[in-house]
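Trainee: Once you've had a glance at the structure underneath, I'll fire off some questions.
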Amino acid sequence: MVHAWRKVINLQKRELWSKSTMVLDRKIAFIDLQNETIKTESIPLDLREKFLGGRGINMYLLSRRYTPDLDPLSPQNPLIFGAGLLTGTLGFGSRINITSKSPESGHLGDSNMGGAFGAELVKTGFSHLLIKEKSKRPVYLFIRDNEVQIRDASKLQGLDALETQRKIRLELGDEKIQVACIGQAGENLVRFASIRSGLKNSAGRTGMGAVMGSKNLKAVAVRGTLDMKVAEPKKYLRCYLGNLKKLMGTKWANALSKNGTPLLFHNANTMGFLSVRNNQYTSVGSRGYLLEAEALDPYSTGMVACFSCPVHCRHRLWIKEGKYEGMRVEGPEYASIGSLGTKLGCMDLQDIIYATELCNRYGLDTISTGTYIAWAMELYQRGIIDQELTEVPLIWGDGKLICEIIHRIANRKGFGDILAQGPYAKSFFGEESSEYLLGVKNFPLEMTDERLPKSFALGMATASRGACHMRSRPSIDVLGLPEEVLKKIYGGPISKELNSYSGKGRMVWWHEVLNALCDAIGFCRFLTVFSSPHAPQYNEFSRLILLCTGLKLTPGALKRIGERICTLERIMLVRDGISRPDDTLPKRYFEEPIPEGPAKGEVISKEGFNSMLDEYYRLHGWDKNGRPRKTTLRKLGLG
Amino acid sequence: MKIKIDKKKCSGCHLCGMVCSILHLGVINTEKSAIRVKKDDLNTSLSQPVLCRQCKQMTCIEGEQVKASAERKKFIWDKSRAERCPFNALPSSGQIAYHCDLCGGKPQCVRVCTTGAIAL
């Protein structure tokens with residue numbers, strides 16, 4: 001009996017330790033869809049030390065293939081999936097970056113996604129996938145422990161993002177499979193199609209879904225069971241618990257846990273930096289309560305989290321009555337409420353929730369979708385386009401109309417086929433239309449108006465993927481902290497006034513570097529210095545990386561990694577011919593003071609803007625034209 | 001001591017499972033943990049933590065010549081015990097069932113649960 005029991009224990013031990021990996025052993029798979037070949041390589045330690053993972057290694061891989069004449073929808077454009085260094089571990093979120101040349105802007109494309117997909121990918125032993133060429137038939141990838149399969153996807157064609165995920169799980173007989181896929185919008189090459197996972201996780205911006213569609217790739221399904229060995233388990237756990245206490249002690253984390261990002265709507269509206277009717281206005285005044293976080297409460301059935309996130313900032317909603325009775329969704333985020341709501345003059349929360357859900361199912365970026373519809377609505381308002389082209393009157397605020405346009409965009413029907421081309425729809429709307437598409441580097445602005453917060457304005461102008469608040473999101477000056485505190489955080493003088501230009505170049509530089517690092521680690525930027533100066537950052541990250549992986553990187557070395565990623569992205573933009581004149585803002589921001597509301601009269605002065613830009617370039621080690629200096633390249637090992 | 005579950009509060013973050021596997025095995029693998037989060041992530045996104053209820057009457061070890069008090073302190077169990085659990089509360093994979101030993105009296109999963117879905 002004893003002998004038999006010992007045998008069982010030995011069997012269990014063998015099973016217990018049979019399949020494991022370490023963070024630094026995670027591999028990259030090069031997948032050629034045309035020849036259906038897969039090559040697996042380990043990631044050299046020195047590459048990890050220079051770029052960590054996620055966005056960092058993605059940019060290294062893209063930069064070696066990025067040329068100005070690379071057509072984003074051609075087979076040669078690589079589509080790169082990269083999980084962060086600590087994705088799937090006990091950390092602060094578990095994110096993945098999806099990177100390529102953008103078919104929307106024509107420049108750098110990159111989008112960061114939460115949920116559980118990245119965490120499941122790393123359990124297979126892979127952290128990065130580089131997908132190249134175009135398949136002759138519709139396919140999807142199935143990645144299991146140390147193995148990549150290319151499978152037929154003909155039965156998945158035409159399905160939305162949710163149906164696709166369900167059908168793959170059913171076909172492969174495993175509920176735990178995580179899927180990143182495209183909906184109809186990606187298949188139809190809508191230039192701002194997203195890649196989707198779960199109910200609402202999106203690699204939304206820069207049209208990565210269209211790149212995936214152009215390769216005849218419907219989905220990537222992952223299921224891993226490998227153990228991830230930890231370098232120093234007990235110390236790591238203790239370190240994590242300390243950081244968790246620190247994070248959950250911040251007001252920001254607690255507010256986000258309760259209300260999610262919709263809590264930001266109130267601030268933007270009452271201070272006057274919301275996009276209303278394509279930025280013709282910047283506040284909806286007292287009507288704001290209709291879309292504030294509390295307005296979601298009647299529908300909310302709780303909050304959910306991404307894998308490994310203690311903050312759980314995502315609403316789970318159930319609409320029990322009204323025109324959308326029975327609808328159960330996750331979200332919407334503040335970005336969608338602004339982009340598909342106020343930006344289009346729509347104040348009906350249920351319509352906004354439904355429009356967001358439509359975008360999620362079709363696989364469309366809610367921000368870009370809202371912005372292009374807003375652009376068309378303003379052109380219609382000004383008589384630049386008419387019903388002959390638009391088919392229906394484009395009236396501000398009509399929720400039903402907004403949903404109808406979304407259907408047409410995703411299916412490329414009629415006027416939707418024109419809008420599906422994103423900024424390239426200019427050729428149908430005429431030259432005069434350009435100034436009403438508010439964007440930077442051929443990429444549209446978002447749900448906010450940055451004429452009041454000057455730091456945000458600079459961040460929009462300099463973001464490496466075109467107008468994007470998340471590349472820097474320098475919002476600590478919104479908190480009204482004393483200037484001594486700001487100086488301590490940023491290492492230089494910063495004005496606490498939101499509409500001052502002083503020191504804001506430094507703020508943007510500082511946040512860009514930290515956020516690039518977060519994307520390389522796989523942490524969520526909401527959980528670092530986003531809206532709380534007390535949240536974990538370099539020191540804490542350095543310790544966690546050491547105890548989890550054994551990799552010794554000082555806080556200074558981590559900062560250099562952030563710098564390296566930012567400068568490498570800049571190098572690719574410079575190759576495209578981008579320089580100082582492109583790091584700018586829409587004409588409206590410089591020439592039209594905000595006409596009414598709490599931020600009335602705010603505008604961007606050219607002089608103030610240029611002073612911020614000078615400071616920003618100097619801190620990055622770039623010259624006056626925004627080109628990285630040779631000394632900077634050498635310092636970062638990029639020369 | 002018993003860990004109480006309020007499934008309405010679970011956010012589905014899996015921190016509990018990771019802490020459990022790190023502490024007991026030195027690895028991160030939520031499928032090698034005594035606590036498991038059942039998910040309905042493509043429909044309602046409801047999540048539900050499941051773990052040993054520390055029953056006084058241990059149906060799971062019925063028929064075995066073992067001491068209940070000693071078994072309660074063990075983390076690695078045989079899968080057959082999971083099959084005997086009337087609440088289907090013991091996570092298992094392969095031949096192993098993962099049993100909650102309450103971390104020797106200081107359950108660590110409770111410390112990382114920021115929603116209060118699992119509490120003492």
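So you can find residues: chains in the structure tokens are A, B, ... in the order shown, residues in each start at 1, and ligands are numbered from 1 in order.
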Contacts of B:Gly17 at 7 Å or less, counting only C-alpha atoms, minus same-chain residues fewer than 2 places along, as an MDAnalysis selection string?

Mentor: chainID B and resid 14:15 19:21 30 33 35:36

Trainee: Once you have the residues from the selection above, write them out as a short mmCIF file (atom, residue, chain, number, x, y, z; two decimals), in the first residue's frame, restricted to N, CA and C atoms.

Mentor:
```cif
data_model
loop_
_atom_site.label_atom_id
_atom_site.label_comp_id
_atom_site.auth_asym_id
_atom_site.auth_seq_id
_atom_site.Cartn_x
_atom_site.Cartn_y
_atom_site.Cartn_z
N HIS B 14 -7.69 36.76 -11.28
CA HIS B 14 -6.81 35.60 -11.12
C HIS B 14 -5.60 35.85 -10.21
N LEU B 15 -5.56 36.97 -9.52
CA LEU B 15 -4.43 37.20 -8.61
C LEU B 15 -4.38 36.11 -7.53
N VAL B 19 -1.05 33.80 -6.70
CA VAL B 19 -0.41 33.83 -5.38
C VAL B 19 -0.33 32.42 -4.80
N CYS B 20 -1.40 31.67 -4.98
CA CYS B 20 -1.46 30.30 -4.45
C CYS B 20 -0.36 29.42 -5.06
N SER B 21 -0.23 29.49 -6.38
CA SER B 21 0.77 28.62 -7.02
C SER B 21 2.20 29.09 -6.73
N THR B 30 -2.14 29.38 -12.79
CA THR B 30 -3.44 29.42 -12.09
C THR B 30 -4.14 28.07 -12.14
N SER B 33 -3.38 25.64 -8.75
CA SER B 33 -3.68 26.40 -7.55
C SER B 33 -4.94 25.81 -6.92
N ILE B 35 -7.29 27.45 -5.69
CA ILE B 35 -8.46 28.30 -5.96
C ILE B 35 -8.58 28.49 -7.46
N ARG B 36 -9.77 28.34 -7.95
CA ARG B 36 -9.94 28.46 -9.40
C ARG B 36 -11.09 29.42 -9.67
#
```

Trainee: Counting only C-alpha atoms, a student should be able to say which residues of chain B come within 8 Å of chain A; what is the right answer, written as a ChimeraX atom specification?

Mentor: /B:8-15,18-19,22-23,26-29,31,41-45,94-96,111-114

Trainee: Quick one: everything within 9 Å of A:Ile395, counting only C-alpha atoms, minus sequence neighbours fewer than 4 positions away in the same chain. Send it as a list in words.

Mentor: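 The neighbour list is Leu344, Gly345, Met377, Tyr380, Gln381 and Leu401 of chain A.
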
Trainee: In Å, rounded to a single decimal, give me how far atom CA of A:Cys346 is from atom CA of A:Asp297.

Mentor: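 These two atoms are separated by 19.2 Å.
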
Trainee: List every residue of chain B that DSSP, applied to the backbone of this structure, places in alpha helix (DSSP H), and write the result as a VMD selection string.

Mentor: chain B and resid 15 to 25 68 to 72 79 to 84 108 to 112

Trainee: Find the spatial neighbours of A:Leu553, counting only C-alpha atoms, within a cut-off of 9 Å - ignore same-chain residues fewer than 4 positions away - and output them as a ChimeraX atom specification.

Mentor: /A:49,542-543,545-546,557-558

Trainee: I need the residues in chain B that are strand (DSSP E or B) according to DSSP; give them as JSON, numbers by chain.

Mentor: {"B": [4, 5, 27, 28, 36, 37, 38, 39, 47, 48, 49, 50, 76, 77, 78, 92, 93, 96, 97, 98, 118, 119]}

Trainee: Could you work out how far atom CA of A:Ser105 lies from atom CA of A:Glu388, giving the answer in Å with one decimal?

Mentor: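 Separating atom CA of A:Glu388 from atom CA of A:Ser105 is a distance of 27.5 Å.
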
Trainee: Measuring atom to atom with only C-alpha atoms, identify which of B:Lys7, B:Ala119, B:Glu64, B:Val110 is nearest to B:Lys39.

Mentor: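 Checking each of B:Lys7, B:Ala119, B:Glu64, B:Val110 against B:Lys39, counting only C-alpha atoms, the winner is B:Lys7.
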
Trainee: Please measure the separation of atom CA of A:Tyr324 and atom CA of A:Ala374, giving the value in Å to one decimal.

Mentor: 23.6 Å

Trainee: Skip A:Arg205 itself and residues of its chain fewer than 4 positions away, then list as an MDAnalysis selection string all residues within 7 Å of it, counting only C-alpha atoms.

Mentor: chainID A and resid 111 192 194 365

Trainee: Excluding A:Asp174 and residues on its chain fewer than 3 positions from it, collect all residues at most 12 Å away from it, counting only C-alpha atoms, and give them as a compact mmCIF listing (two decimals) with C-alpha atoms, in the first residue's frame.

Mentor:
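Saved as selection_2.txt:
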```txt
# COMPACT_ATOMS: atom_id res chain seq x y z
CA PHE A 142 -3.80 28.05 -32.94
CA ARG A 144 -0.44 25.67 -27.83
CA GLN A 165 -14.30 33.57 -30.51
CA ARG A 166 -17.19 31.30 -29.52
CA LYS A 167 -16.91 29.22 -32.66
CA ILE A 168 -13.17 28.71 -32.25
CA ARG A 169 -13.60 27.57 -28.65
CA LEU A 170 -16.32 25.19 -29.77
CA GLU A 171 -14.29 23.84 -32.68
CA ILE A 177 -8.83 29.29 -25.20
CA GLN A 178 -8.28 33.02 -25.60
CA VAL A 179 -8.74 34.51 -29.04
CA ALA A 221 -6.21 31.46 -30.69
CA VAL A 222 -3.98 30.62 -27.73
CA ARG A 223 -4.04 28.06 -24.95
CA GLY A 224 -1.04 27.48 -22.73
```

Trainee: With only C-alpha atoms as the counted atoms, please give the residues lying no more than 9 Å from stretch 88-93 of chain B, apart from itself and same-chain residues fewer than 6 positions off, as a compact mmCIF listing (two decimals) with C-alpha atoms, in the first residue's frame.

Mentor:
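Below is the file that was written, result.txt:
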```txt
# COMPACT_ATOMS: atom_id res chain seq x y z
CA GLU B 31 -4.28 25.85 -13.02
CA LYS B 32 -1.97 24.56 -10.31
CA SER B 33 -3.68 26.40 -7.55
CA ALA B 34 -6.23 25.45 -4.91
CA ILE B 35 -8.46 28.30 -5.96
CA ARG B 36 -9.94 28.46 -9.40
CA VAL B 50 -14.12 27.95 -6.30
CA LEU B 51 -12.09 26.32 -3.55
CA CYS B 52 -12.24 23.73 -0.79
CA ARG B 53 -14.99 24.43 1.74
CA TRP B 77 -3.95 15.60 -3.24
CA ASP B 78 -4.88 12.75 -5.53
CA LYS B 79 -7.47 13.47 -8.20
CA ARG B 81 -10.57 13.03 -3.94
CA ALA B 82 -11.68 15.81 -6.27
CA HIS B 99 -6.36 21.36 -1.96
CA CYS B 100 -6.54 24.57 0.06
```
